[in-house]
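Trainee: File name start.cif; file contents mmCIF, C-alpha atoms and all ligand atoms; full text below.
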```
data_upload
#
loop_
_atom_site.label_atom_id
_atom_site.label_comp_id
_atom_site.auth_asym_id
_atom_site.auth_seq_id
_atom_site.Cartn_x
_atom_site.Cartn_y
_atom_site.Cartn_z
CA MET A 1 156.38 16.74 44.74
CA LYS A 2 157.99 14.69 41.99
CA THR A 3 161.76 15.20 41.91
CA ILE A 4 163.27 15.25 38.42
CA ILE A 5 166.62 13.47 38.20
CA GLN A 6 168.75 14.67 35.30
CA GLN A 7 172.03 13.07 34.28
CA ILE A 8 174.71 15.43 33.12
CA ASP A 9 178.29 14.70 32.13
CA ALA A 10 180.58 17.00 34.14
CA ALA A 11 183.42 16.57 31.64
CA GLN A 12 181.37 17.46 28.61
CA PHE A 13 177.99 19.16 28.66
CA ASP A 14 176.19 21.87 26.79
CA LYS A 15 174.84 24.95 28.58
CA SER A 16 171.40 24.16 27.23
CA GLU A 17 171.35 21.11 29.52
CA LEU A 18 171.13 23.55 32.41
CA GLU A 19 168.05 25.32 31.08
CA ARG A 20 165.54 23.48 33.22
CA ALA A 21 167.61 23.87 36.40
CA ALA A 22 168.09 27.58 35.73
CA ALA A 23 164.36 28.09 35.15
CA ILE A 24 163.53 26.35 38.43
CA LEU A 25 166.03 28.52 40.34
CA LYS A 26 164.61 31.70 38.79
CA GLU A 27 161.10 30.66 39.86
CA GLY A 28 162.26 30.17 43.45
CA GLY A 29 162.55 26.35 43.34
CA LEU A 30 165.17 23.93 44.67
CA VAL A 31 167.92 22.29 42.60
CA ALA A 32 170.61 19.94 43.93
CA PHE A 33 173.88 20.09 41.99
CA PRO A 34 177.44 18.78 42.27
CA THR A 35 180.30 20.95 43.49
CA GLU A 36 183.94 19.94 43.93
CA THR A 37 183.37 19.47 47.69
CA VAL A 38 179.93 17.87 48.16
CA TYR A 39 176.53 18.14 46.46
CA GLY A 40 174.72 21.40 47.25
CA LEU A 41 170.99 22.12 47.58
CA GLY A 42 170.56 25.38 45.68
CA ALA A 43 167.97 28.14 45.66
CA ASP A 44 167.95 31.86 44.92
CA GLY A 45 169.90 33.34 47.82
CA LEU A 46 168.40 36.79 47.32
CA ASN A 47 164.82 35.51 47.43
CA PRO A 48 163.72 35.01 51.06
CA ASP A 49 160.92 32.57 50.16
CA ALA A 50 163.29 30.41 48.12
CA ALA A 51 165.87 30.40 50.93
CA ARG A 52 163.21 29.36 53.42
CA LYS A 53 162.32 26.36 51.25
CA ILE A 54 165.86 25.05 51.71
CA TYR A 55 165.43 24.95 55.49
CA GLU A 56 162.15 23.14 55.12
CA ALA A 57 163.46 20.50 52.70
CA LYS A 58 166.52 19.73 54.83
CA GLY A 59 164.79 20.02 58.21
CA ARG A 60 167.52 22.55 59.03
CA PRO A 61 167.33 24.89 62.04
CA SER A 62 166.58 28.40 60.73
CA ASP A 63 169.45 30.03 62.66
CA ASN A 64 171.98 28.05 60.60
CA PRO A 65 173.05 30.36 57.76
CA LEU A 66 173.60 29.38 54.12
CA ILE A 67 176.59 29.85 51.82
CA ILE A 68 176.00 31.97 48.69
CA HIS A 69 177.75 30.62 45.60
CA ILE A 70 178.99 33.06 42.96
CA ALA A 71 180.77 32.72 39.63
CA ASP A 72 182.22 36.22 39.31
CA PHE A 73 184.43 38.06 41.82
CA LYS A 74 182.58 41.30 41.01
CA ASP A 75 179.47 39.91 42.70
CA LEU A 76 181.17 40.52 46.04
CA GLU A 77 180.56 44.23 45.60
CA MET A 78 176.83 43.73 45.50
CA LEU A 79 176.66 41.15 48.29
CA THR A 80 179.08 42.62 50.83
CA LEU A 81 179.95 45.97 52.43
CA GLU A 82 183.67 45.97 51.81
CA VAL A 83 186.10 43.97 49.66
CA THR A 84 189.34 44.14 51.64
CA GLU A 85 192.91 43.32 50.57
CA SER A 86 192.74 40.01 52.46
CA VAL A 87 189.64 39.03 50.53
CA LYS A 88 191.34 39.83 47.22
CA LYS A 89 194.42 37.85 48.17
CA LEU A 90 192.40 34.82 49.25
CA ALA A 91 190.30 34.93 46.10
CA ASP A 92 193.43 35.19 43.96
CA ALA A 93 194.94 32.18 45.66
CA PHE A 94 191.94 29.89 46.13
CA TRP A 95 188.96 30.90 43.97
CA PRO A 96 187.37 29.21 42.20
CA GLY A 97 187.74 26.47 44.79
CA PRO A 98 186.79 25.02 48.17
CA LEU A 99 187.10 28.17 50.29
CA THR A 100 184.18 30.03 51.86
CA MET A 101 184.69 33.55 53.21
CA ILE A 102 182.55 35.19 55.89
CA LEU A 103 182.10 38.88 55.12
CA LYS A 104 179.86 41.75 56.25
CA LYS A 105 176.66 41.49 54.25
CA SER A 106 175.05 44.24 52.18
CA SER A 107 171.34 45.05 52.40
CA GLN A 108 170.78 42.99 49.22
CA VAL A 109 171.24 39.75 51.16
CA PRO A 110 168.12 38.81 53.12
CA HIS A 111 168.42 37.74 56.75
CA ASP A 112 166.54 34.56 55.78
CA THR A 113 169.71 33.49 53.95
CA THR A 114 172.11 34.42 56.75
CA GLY A 115 170.13 32.97 59.65
CA GLY A 116 169.61 36.51 60.97
CA LEU A 117 173.33 37.39 60.98
CA ASP A 118 174.82 40.59 59.53
CA THR A 119 177.57 38.57 57.87
CA VAL A 120 177.30 36.40 54.79
CA ALA A 121 179.22 33.29 53.72
CA ILE A 122 180.39 33.36 50.07
CA ARG A 123 182.17 30.84 47.93
CA MET A 124 183.10 30.53 44.25
CA PRO A 125 183.02 26.82 43.41
CA SER A 126 185.31 25.36 40.74
CA HIS A 127 183.10 22.48 39.60
CA PRO A 128 182.13 23.09 35.96
CA ILE A 129 178.44 22.29 36.49
CA ALA A 130 178.19 24.53 39.57
CA ARG A 131 179.98 27.38 37.81
CA GLN A 132 177.90 27.19 34.66
CA LEU A 133 174.66 26.89 36.59
CA ILE A 134 175.41 30.10 38.50
CA ALA A 135 176.57 31.96 35.40
CA TYR A 136 173.82 30.72 33.11
CA SER A 137 170.96 31.31 35.55
CA GLY A 138 172.35 34.62 36.77
CA ILE A 139 171.27 33.53 40.26
CA LYS A 140 173.38 33.94 43.41
CA ILE A 141 172.81 30.39 44.58
CA ALA A 142 172.43 29.81 48.31
CA ALA A 143 173.38 26.19 48.89
CA PRO A 144 173.96 24.08 51.96
CA SER A 145 175.05 20.49 51.55
CA ALA A 146 172.20 18.52 49.96
CA ASN A 147 171.61 16.08 52.84
CA THR A 148 168.88 16.05 55.45
CA SER A 149 170.10 17.80 58.56
CA SER A 150 172.48 15.70 60.70
CA ARG A 151 173.19 13.05 58.00
CA PRO A 152 176.60 12.80 56.30
CA SER A 153 176.94 15.22 53.35
CA PRO A 154 176.28 13.74 49.89
CA THR A 155 179.19 12.95 47.61
CA LEU A 156 177.07 11.17 44.99
CA ALA A 157 173.65 12.02 43.51
CA LYS A 158 172.42 8.72 44.96
CA HIS A 159 172.95 10.15 48.48
CA VAL A 160 170.88 13.21 47.58
CA ILE A 161 168.11 10.95 46.30
CA GLU A 162 168.19 8.93 49.55
CA ASP A 163 167.67 12.09 51.61
CA LEU A 164 165.65 14.50 49.50
CA ASP A 165 163.68 12.61 46.84
CA GLY A 166 160.17 14.07 46.71
CA ARG A 167 161.18 17.19 48.64
CA ILE A 168 162.99 19.18 45.92
CA ASP A 169 162.38 20.04 42.25
CA LEU A 170 165.48 18.72 40.49
CA ILE A 171 168.71 16.81 41.05
CA LEU A 172 171.54 17.30 38.56
CA ASP A 173 173.43 14.03 38.65
CA GLY A 174 176.94 14.92 37.54
CA GLY A 175 178.67 11.90 39.08
CA GLY A 176 180.96 11.73 42.09
CA VAL A 177 182.50 14.82 43.66
CA GLU A 178 186.24 15.31 43.82
CA ILE A 179 187.06 16.31 47.40
CA GLY A 180 184.35 14.78 49.56
CA LEU A 181 184.49 17.21 52.51
CA GLU A 182 182.80 20.61 52.70
CA SER A 183 184.75 23.80 51.98
CA THR A 184 187.07 25.48 54.45
CA ILE A 185 185.29 28.44 56.07
CA ILE A 186 187.34 31.49 57.03
CA ASP A 187 185.92 34.53 58.80
CA VAL A 188 187.59 37.62 57.34
CA SER A 189 185.00 40.03 58.74
CA GLN A 190 187.24 40.65 61.76
CA GLU A 191 190.84 41.77 62.22
CA ILE A 192 192.45 38.36 62.74
CA PRO A 193 191.18 35.76 60.28
CA VAL A 194 189.65 32.71 61.95
CA VAL A 195 188.93 29.33 60.40
CA LEU A 196 185.41 28.31 61.43
CA ARG A 197 185.42 24.98 59.60
CA PRO A 198 188.60 23.18 58.47
CA GLY A 199 188.65 21.78 54.94
CA SER A 200 190.97 20.93 52.08
CA ILE A 201 192.37 24.47 52.02
CA THR A 202 194.41 24.00 55.19
CA ILE A 203 195.57 26.51 57.80
CA PRO A 204 199.20 26.33 56.59
CA MET A 205 197.97 27.13 53.05
CA LEU A 206 195.95 30.10 54.35
CA GLU A 207 198.85 31.34 56.46
CA LYS A 208 201.07 31.51 53.39
CA VAL A 209 198.67 34.06 51.93
CA LEU A 210 197.51 35.98 55.01
CA GLY A 211 200.10 35.57 57.72
CA MET A 212 198.63 34.49 61.05
CA VAL A 213 195.37 32.53 60.90
CA ARG A 214 193.64 30.96 63.88
CA LEU A 215 191.38 27.94 64.20
CA ASP A 216 188.14 28.76 66.05
CA LYS A 217 188.88 27.83 69.68
CA ALA A 218 185.66 25.90 69.98
CA LEU A 219 186.91 23.47 67.30
CA GLN A 220 190.19 22.59 68.97
CA GLU A 221 189.98 19.11 70.33
CA GLU A 222 190.46 20.10 73.98
CA SER A 223 187.31 22.27 73.78
CA LEU A 224 185.28 19.99 71.59
CA SER A 225 183.24 18.11 74.12
CA LYS A 226 182.96 21.12 76.43
CA ASP A 227 180.40 23.87 76.21
CA CYS A 228 182.44 26.15 73.94
CA LYS A 229 180.21 27.64 71.23
CA PRO A 230 181.56 27.48 67.66
CA LYS A 231 181.28 30.67 65.59
CA ALA A 232 179.78 28.92 62.57
CA PRO A 233 176.28 28.11 63.82
CA GLY A 234 176.25 24.88 61.79
CA MET A 235 179.26 23.48 63.62
CA LYS A 236 177.33 23.21 66.88
CA TYR A 237 174.77 20.75 65.64
CA LYS A 238 175.13 16.99 65.71
CA HIS A 239 176.27 16.34 62.21
CA TYR A 240 177.70 13.93 59.69
CA ALA A 241 176.39 11.16 61.86
CA PRO A 242 175.43 7.67 60.73
CA LYS A 243 172.76 5.82 62.71
CA GLY A 244 175.26 3.52 64.40
CA ASP A 245 177.40 4.82 67.26
CA VAL A 246 180.94 5.71 66.24
CA ILE A 247 184.04 5.21 68.40
CA ILE A 248 187.38 6.71 67.36
CA TYR A 249 190.58 4.91 68.39
CA LYS A 250 193.50 7.25 68.90
CA GLY A 251 197.15 6.23 69.26
CA GLU A 252 199.87 4.32 67.45
CA ILE A 253 198.35 2.35 64.62
CA GLU A 254 199.53 -1.09 65.88
CA LYS A 255 197.92 -0.43 69.26
CA VAL A 256 194.76 0.87 67.63
CA ILE A 257 194.43 -2.30 65.56
CA ALA A 258 195.02 -4.53 68.59
CA GLN A 259 192.45 -2.67 70.69
CA ILE A 260 189.83 -2.63 67.94
CA ASN A 261 190.29 -6.40 67.46
CA GLN A 262 189.85 -6.97 71.18
CA ASP A 263 186.75 -4.73 71.52
CA LEU A 264 185.29 -6.11 68.31
CA LEU A 265 185.10 -9.62 69.76
CA GLU A 266 183.36 -8.35 72.85
CA TYR A 267 180.81 -6.29 70.90
CA GLU A 268 180.10 -9.18 68.56
CA ARG A 269 179.60 -11.43 71.57
CA GLN A 270 176.94 -8.95 72.68
CA GLY A 271 175.23 -9.53 69.32
CA LYS A 272 176.12 -6.17 67.83
CA LYS A 273 176.80 -5.61 64.13
CA VAL A 274 180.16 -3.88 64.02
CA GLY A 275 181.60 -1.85 61.15
CA ILE A 276 185.29 -1.01 60.95
CA LEU A 277 186.68 2.03 59.20
CA ALA A 278 190.11 0.89 58.03
CA THR A 279 192.63 1.83 55.36
CA ALA A 280 194.33 0.10 52.43
CA GLU A 281 197.31 -0.51 54.73
CA THR A 282 195.35 -1.98 57.65
CA LYS A 283 192.21 -3.65 56.30
CA THR A 284 193.62 -7.18 56.45
CA ALA A 285 194.61 -6.79 60.12
CA TYR A 286 191.04 -7.06 61.44
CA LYS A 287 189.65 -10.41 62.47
CA SER A 288 185.97 -9.84 61.72
CA GLY A 289 183.35 -7.12 61.43
CA TYR A 290 182.17 -5.33 58.30
CA ILE A 291 185.42 -3.76 57.15
CA LEU A 292 185.59 -0.76 54.81
CA ASP A 293 188.85 0.34 53.24
CA ILE A 294 188.44 4.11 53.19
CA GLY A 295 191.65 4.97 51.32
CA SER A 296 195.39 5.04 51.77
CA ARG A 297 197.27 6.50 54.74
CA LYS A 298 199.80 7.71 52.18
CA ASP A 299 197.16 9.89 50.53
CA GLU A 300 194.89 11.78 52.94
CA SER A 301 192.76 13.06 50.09
CA SER A 302 191.66 9.50 49.34
CA ILE A 303 190.40 9.23 52.93
CA ALA A 304 188.57 12.58 52.75
CA HIS A 305 187.05 11.46 49.46
CA SER A 306 185.40 8.31 50.82
CA LEU A 307 184.59 9.26 54.43
CA TYR A 308 180.93 10.23 54.02
CA ALA A 309 180.10 7.49 51.53
CA SER A 310 181.56 4.95 53.99
CA LEU A 311 179.48 6.30 56.88
CA ARG A 312 176.39 5.98 54.70
CA GLU A 313 177.35 2.45 53.69
CA PHE A 314 177.50 1.42 57.35
CA ASP A 315 173.94 2.71 57.66
CA GLU A 316 172.79 0.71 54.68
CA ARG A 317 174.28 -2.37 56.33
CA ASP A 318 172.51 -1.55 59.62
CA MET A 319 175.67 -1.42 61.70
CA ASP A 320 175.02 -0.82 65.41
CA LEU A 321 178.55 0.29 66.04
CA ILE A 322 181.38 1.71 63.94
CA LEU A 323 184.95 1.45 65.20
CA THR A 324 187.36 3.70 63.39
CA GLU A 325 191.05 4.38 63.16
CA SER A 326 192.06 8.05 63.46
CA PHE A 327 193.71 10.27 60.86
CA TYR A 328 195.31 13.15 62.75
CA SER A 329 197.68 15.47 60.85
CA ASP A 330 198.34 19.19 60.34
CA ASP A 331 197.10 18.91 56.80
CA LEU A 332 193.84 17.46 55.56
CA GLY A 333 193.74 15.31 58.70
CA THR A 334 192.47 18.34 60.64
CA ALA A 335 189.33 18.45 58.48
CA ILE A 336 188.91 14.67 58.41
CA MET A 337 189.13 14.44 62.21
CA ASN A 338 186.81 17.43 62.66
CA ARG A 339 184.05 15.58 60.76
CA LEU A 340 184.83 12.19 62.27
CA LEU A 341 184.77 13.58 65.82
CA LYS A 342 181.34 15.04 65.17
CA ALA A 343 180.13 11.77 63.68
CA ALA A 344 181.36 10.10 66.87
CA SER A 345 179.83 12.75 69.16
CA TYR A 346 183.46 13.12 70.42
CA HIS A 347 183.68 9.53 71.63
CA VAL A 348 187.44 8.90 71.50
CA LYS A 349 189.25 5.94 73.02
CA GLN A 350 192.93 6.66 73.68
CA VAL A 351 195.08 3.52 73.37
O1 LIG B 401 181.56 22.87 50.47
C1 LIG B 401 180.61 23.52 50.91
O2 LIG B 401 180.76 24.56 51.55
C2 LIG B 401 179.20 23.01 50.59
C3 LIG B 401 178.96 23.13 49.10
C4 LIG B 401 177.55 22.79 48.70
O3 LIG B 401 179.33 24.40 48.66
N1 LIG B 401 178.23 23.72 51.35
C5 LIG B 401 178.07 23.55 52.70
O4 LIG B 401 177.04 24.29 53.27
O5 LIG B 401 178.78 22.84 53.37
P1 LIG B 401 176.44 23.98 54.71
O6 LIG B 401 175.23 24.84 54.80
O7 LIG B 401 176.22 22.54 54.88
O8 LIG B 401 177.49 24.54 55.68
C6 LIG B 401 177.64 25.93 55.83
C7 LIG B 401 178.33 26.25 57.11
C8 LIG B 401 177.46 26.05 58.33
O9 LIG B 401 178.24 25.48 59.36
C9 LIG B 401 177.06 27.48 58.68
O10 LIG B 401 176.77 27.65 60.03
C10 LIG B 401 178.29 28.26 58.26
O11 LIG B 401 178.67 27.64 57.07
N2 LIG B 401 177.97 29.67 57.97
C11 LIG B 401 177.24 30.15 56.95
N3 LIG B 401 177.13 31.50 57.02
C12 LIG B 401 177.81 31.88 58.11
C13 LIG B 401 178.07 33.15 58.73
N4 LIG B 401 177.57 34.28 58.23
N5 LIG B 401 178.82 33.15 59.86
C14 LIG B 401 179.34 31.99 60.36
N6 LIG B 401 179.12 30.78 59.81
C15 LIG B 401 178.36 30.71 58.72
MG MG B 402 176.01 20.74 55.73
#
```
Re-express the file's structure as structure tokens.
Mentor:
Amino acid sequence: MKTIIQQIDAAQFDKSELERAAAILKEGGLVAFPTETVYGLGADGLNPDAARKIYEAKGRPSDNPLIIHIADFKDLEMLTLEVTESVKKLADAFWPGPLTMILKKSSQVPHDTTGGLDTVAIRMPSHPIARQLIAYSGIKIAAPSANTSSRPSPTLAKHVIEDLDGRIDLILDGGGVEIGLESTIIDVSQEIPVVLRPGSITIPMLEKVLGMVRLDKALQEESLSKDCKPKAPGMKYKHYAPKGDVIIYKGEIEKVIAQINQDLLEYERQGKKVGILATAETKTAYKSGYILDIGSRKDESSIAHSLYASLREFDERDMDLILTESFYSDDLGTAIMNRLLKAASYHVKQV
């Protein structure tokens, strides 16, 4: 299949530029498009054949459910069994935006979209191209991140091309995404809301709206490497991983830098190509290696923004090993560390 790549200016475009993408979606085809979090790989979420094509193109296990993207709150009535007060409050506070809610699905949503589950994940993205594409096509767009399974999610159209060129119908290239990490997922289908995937809408932000909110036990660091099964099926797979092995250094930053410098010399002596994930504040402290400045420690969102692109860059440079600082915090750091820990297969060195 020849993949069409269409440039579109996110700041200024005409609806008619979405005509081809909308037609493909209506015919059951696959369109990658930018959202504020990461690029999504979209298909008609109510068409089982179209949803199945997504799994095929990504090489995604079929028990890993998809998120349905909507542009109008009223669509919840058709897609779910009950729109509760909590759902209304969350939507008021965070939609359109990077929050996905897990709700009980209606019979309109095929099990092919939900990986066989009786719940459905729904999100209303804020990105202008995503919003217009949903509204203009009239399609409830099922869209996972537009990467091949187990690779870092795409934050630029170039990443989508790397992974999916020749496997999908169209890529809308609307430039870089804003956030760089996938949406926060909250399960509101049960009594106590549980965060199944941390993101830029943080637990403190959710608690302000809902009262008590828990983080899925399986995602807490103590349980991470153990056999605890996460509630979002996708969180159990190896994910976000570059080809090189990743080691996370945890501790005071001065000690982390010293230890990385020491290990770096040893790995390089062994002939390994070593990448270092550093920050604006620390990048000059490393003695060698392929150093990437991922952002500033004073601005966690800058780190979230560049994480996946940096992991992909290490791949391009054929790094055997990636040594990284850690970015723990109660804010966005929770989401950053969740992805980084998965990229590292939970390999953490305490210093
Ligand atoms: O920011 C995002 O959410 C991006 C953009 C494209 O919107 N999408 C995205 O989709 O990250 P994906 O498929 O890569 O991740 C969806 C996650 C998976 O971990 C999946 O298991 C979980 O959502 N999920 C989907 N439906 C679920 C359900 N009914 N119950 C529990 N987890 C669910
Ligand atoms: Mg994904």
Trainee: Wanna dump the chain A-ligand MG 402 (chain B) contacts at 12 Å for me, each residue with its shortest atom pair and the distance in Å to one decimal, counting only C-alpha atoms and all ligand atoms, ordered by chain and number, as JSON lines?
Mentor:
```
{"residue": "A:Thr37", "atom": "CA", "partner": "B:MG402", "partner_atom": "MG", "distance": 11.0}
{"residue": "A:Val38", "atom": "CA", "partner": "B:MG402", "partner_atom": "MG", "distance": 9.0}
{"residue": "A:Tyr39", "atom": "CA", "partner": "B:MG402", "partner_atom": "MG", "distance": 9.6}
{"residue": "A:Gly40", "atom": "CA", "partner": "B:MG402", "partner_atom": "MG", "distance": 8.6}
{"residue": "A:Leu41", "atom": "CA", "partner": "B:MG402", "partner_atom": "MG", "distance": 9.7}
{"residue": "A:Ile54", "atom": "CA", "partner": "B:MG402", "partner_atom": "MG", "distance": 11.7}
{"residue": "A:Tyr55", "atom": "CA", "partner": "B:MG402", "partner_atom": "MG", "distance": 11.4}
{"residue": "A:Lys58", "atom": "CA", "partner": "B:MG402", "partner_atom": "MG", "distance": 9.6}
{"residue": "A:Gly59", "atom": "CA", "partner": "B:MG402", "partner_atom": "MG", "distance": 11.5}
{"residue": "A:Arg60", "atom": "CA", "partner": "B:MG402", "partner_atom": "MG", "distance": 9.3}
{"residue": "A:Pro61", "atom": "CA", "partner": "B:MG402", "partner_atom": "MG", "distance": 11.5}
{"residue": "A:Asn64", "atom": "CA", "partner": "B:MG402", "partner_atom": "MG", "distance": 9.7}
{"residue": "A:Pro65", "atom": "CA", "partner": "B:MG402", "partner_atom": "MG", "distance": 10.3}
{"residue": "A:Leu66", "atom": "CA", "partner": "B:MG402", "partner_atom": "MG", "distance": 9.1}
{"residue": "A:Ile67", "atom": "CA", "partner": "B:MG402", "partner_atom": "MG", "distance": 9.9}
{"residue": "A:Ala143", "atom": "CA", "partner": "B:MG402", "partner_atom": "MG", "distance": 9.1}
{"residue": "A:Pro144", "atom": "CA", "partner": "B:MG402", "partner_atom": "MG", "distance": 5.4}
{"residue": "A:Ser145", "atom": "CA", "partner": "B:MG402", "partner_atom": "MG", "distance": 4.3}
{"residue": "A:Ala146", "atom": "CA", "partner": "B:MG402", "partner_atom": "MG", "distance": 7.3}
{"residue": "A:Asn147", "atom": "CA", "partner": "B:MG402", "partner_atom": "MG", "distance": 7.0}
{"residue": "A:Thr148", "atom": "CA", "partner": "B:MG402", "partner_atom": "MG", "distance": 8.5}
{"residue": "A:Ser149", "atom": "CA", "partner": "B:MG402", "partner_atom": "MG", "distance": 7.2}
{"residue": "A:Ser150", "atom": "CA", "partner": "B:MG402", "partner_atom": "MG", "distance": 7.9}
{"residue": "A:Arg151", "atom": "CA", "partner": "B:MG402", "partner_atom": "MG", "distance": 8.5}
{"residue": "A:Pro152", "atom": "CA", "partner": "B:MG402", "partner_atom": "MG", "distance": 8.0}
{"residue": "A:Ser153", "atom": "CA", "partner": "B:MG402", "partner_atom": "MG", "distance": 6.1}
{"residue": "A:Pro154", "atom": "CA", "partner": "B:MG402", "partner_atom": "MG", "distance": 9.1}
{"residue": "A:Thr155", "atom": "CA", "partner": "B:MG402", "partner_atom": "MG", "distance": 11.7}
{"residue": "A:Gly180", "atom": "CA", "partner": "B:MG402", "partner_atom": "MG", "distance": 12.0}
{"residue": "A:Leu181", "atom": "CA", "partner": "B:MG402", "partner_atom": "MG", "distance": 9.7}
{"residue": "A:Glu182", "atom": "CA", "partner": "B:MG402", "partner_atom": "MG", "distance": 7.4}
{"residue": "A:Ser183", "atom": "CA", "partner": "B:MG402", "partner_atom": "MG", "distance": 10.0}
{"residue": "A:Arg197", "atom": "CA", "partner": "B:MG402", "partner_atom": "MG", "distance": 11.0}
{"residue": "A:Ala232", "atom": "CA", "partner": "B:MG402", "partner_atom": "MG", "distance": 11.3}
{"residue": "A:Pro233", "atom": "CA", "partner": "B:MG402", "partner_atom": "MG", "distance": 10.9}
{"residue": "A:Gly234", "atom": "CA", "partner": "B:MG402", "partner_atom": "MG", "distance": 7.3}
{"residue": "A:Met235", "atom": "CA", "partner": "B:MG402", "partner_atom": "MG", "distance": 9.0}
{"residue": "A:Lys236", "atom": "CA", "partner": "B:MG402", "partner_atom": "MG", "distance": 11.5}
{"residue": "A:Tyr237", "atom": "CA", "partner": "B:MG402", "partner_atom": "MG", "distance": 10.0}
{"residue": "A:Lys238", "atom": "CA", "partner": "B:MG402", "partner_atom": "MG", "distance": 10.7}
{"residue": "A:His239", "atom": "CA", "partner": "B:MG402", "partner_atom": "MG", "distance": 7.8}
{"residue": "A:Tyr240", "atom": "CA", "partner": "B:MG402", "partner_atom": "MG", "distance": 8.1}
{"residue": "A:Ala241", "atom": "CA", "partner": "B:MG402", "partner_atom": "MG", "distance": 11.4}
{"residue": "A:Tyr308", "atom": "CA", "partner": "B:MG402", "partner_atom": "MG", "distance": 11.7}
{"residue": "A:Arg339", "atom": "CA", "partner": "B:MG402", "partner_atom": "MG", "distance": 10.8}
```
Trainee: The residues within 12 Å of (169.3, 30.8, 49.6), using only C-alpha atoms and the coordinates of the file, should be reported as a VMD selection string; which are they?
Mentor: chain A and resid 25 to 26 28 to 31 40 to 56 62 64 to 70 109 to 115 120 to 122 139 to 145
Trainee: Looking at all atoms listed in the file, which of A:Gly199, A:Pro242, A:Pro193, A:Gly275 is the one that sits closest to ligand LIG 401 (chain B)?
Mentor: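 Using all atoms listed in the file, ligand LIG 401 (chain B) sits closest to A:Gly199.
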Trainee: Have a look at atom CA of A:Arg317 and atom CA of A:Arg269 and let me know their distance in Å, one decimal.
Mentor: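 We find that atom CA of A:Arg317 and atom CA of A:Arg269 lie 18.5 Å from each other.
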Trainee: Work out where the centre of an axis-aligned box around every listed atom of ligand LIG 401 (chain B) lies and how long its edges are once 4 Å is added on each side; give both in Å to one decimal as lines of an AutoDock Vina configuration file.
Mentor:
```
center_x = 178.4
center_y = 28.4
center_z = 54.5
size_x = 14.3
size_y = 19.7
size_z = 19.7
```
Trainee: For atom CA of A:Ile247 and atom CA of A:Leu292, determine how far apart the two atoms are, in Å to one decimal place.
Mentor: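 Separating atom CA of A:Ile247 from atom CA of A:Leu292 is a distance of 14.9 Å.
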Trainee: Could you check the closest approach to A:Lys89 for each of A:Ala10, A:Leu323, A:Leu311, A:Met101 and tell me which residue wins, using all atoms listed in the file?
Mentor: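 Closest to A:Lys89, using all atoms listed in the file: A:Met101.
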Trainee: With a distance cut-off of 9 Å and all atoms listed in the file, select the neighbouring residues of stretch 201-205 of chain A, excluding the residue or stretch itself and same-chain residues fewer than 5 positions from it, and output the selection as a PyMOL selection string.
Mentor: chain A and resi 94+97-99+183-184+195+213-215+330-332+334-335
Trainee: What is the distance, in Å and to one decimal place, between atom CA of A:Thr100 and atom CA of A:Arg312?
Mentor: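 Rounded to one decimal, the two atoms are 25.4 Å apart.
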Trainee: Env of A:Leu277: 8 Å cut, atoms = all atoms listed in the file, seq-sep filter 2 positions within chain, self excluded. Answer as a count of residues only.
Mentor: 11
Trainee: Can you give me N, CA and C atoms for stretch 50-60 of chain A, written as a PDB file, in the frame of the given file?
Mentor:
```pdb
ATOM      1  N   ALA A  50     162.527  31.535  48.672  1.00  0.00           N
ATOM      2  CA  ALA A  50     163.290  30.410  48.120  1.00  0.00           C
ATOM      3  C   ALA A  50     164.252  29.891  49.184  1.00  0.00           C
ATOM      4  N   ALA A  51     164.921  30.812  49.885  1.00  0.00           N
ATOM      5  CA  ALA A  51     165.870  30.400  50.930  1.00  0.00           C
ATOM      6  C   ALA A  51     165.139  29.615  52.020  1.00  0.00           C
ATOM      7  N   ARG A  52     163.956  30.072  52.367  1.00  0.00           N
ATOM      8  CA  ARG A  52     163.210  29.360  53.420  1.00  0.00           C
ATOM      9  C   ARG A  52     162.865  27.931  53.033  1.00  0.00           C
ATOM     10  N   LYS A  53     162.640  27.719  51.723  1.00  0.00           N
ATOM     11  CA  LYS A  53     162.320  26.360  51.250  1.00  0.00           C
ATOM     12  C   LYS A  53     163.469  25.392  51.519  1.00  0.00           C
ATOM     13  N   ILE A  54     164.700  25.910  51.453  1.00  0.00           N
ATOM     14  CA  ILE A  54     165.860  25.050  51.710  1.00  0.00           C
ATOM     15  C   ILE A  54     165.781  24.491  53.136  1.00  0.00           C
ATOM     16  N   TYR A  55     165.490  25.368  54.086  1.00  0.00           N
ATOM     17  CA  TYR A  55     165.430  24.950  55.490  1.00  0.00           C
ATOM     18  C   TYR A  55     164.380  23.872  55.685  1.00  0.00           C
ATOM     19  N   GLU A  56     163.248  24.084  54.987  1.00  0.00           N
ATOM     20  CA  GLU A  56     162.150  23.140  55.120  1.00  0.00           C
ATOM     21  C   GLU A  56     162.541  21.770  54.558  1.00  0.00           C
ATOM     22  N   ALA A  57     163.125  21.766  53.358  1.00  0.00           N
ATOM     23  CA  ALA A  57     163.460  20.500  52.700  1.00  0.00           C
ATOM     24  C   ALA A  57     164.502  19.713  53.498  1.00  0.00           C
ATOM     25  N   LYS A  58     165.449  20.414  54.105  1.00  0.00           N
ATOM     26  CA  LYS A  58     166.520  19.730  54.830  1.00  0.00           C
ATOM     27  C   LYS A  58     166.166  19.424  56.279  1.00  0.00           C
ATOM     28  N   GLY A  59     165.098  20.108  56.786  1.00  0.00           N
ATOM     29  CA  GLY A  59     164.790  20.020  58.210  1.00  0.00           C
ATOM     30  C   GLY A  59     165.903  20.712  58.991  1.00  0.00           C
ATOM     31  N   ARG A  60     166.372  21.852  58.446  1.00  0.00           N
ATOM     32  CA  ARG A  60     167.520  22.550  59.030  1.00  0.00           C
ATOM     33  C   ARG A  60     167.060  23.659  59.956  1.00  0.00           C
TER      34      ARG A  60
END
```
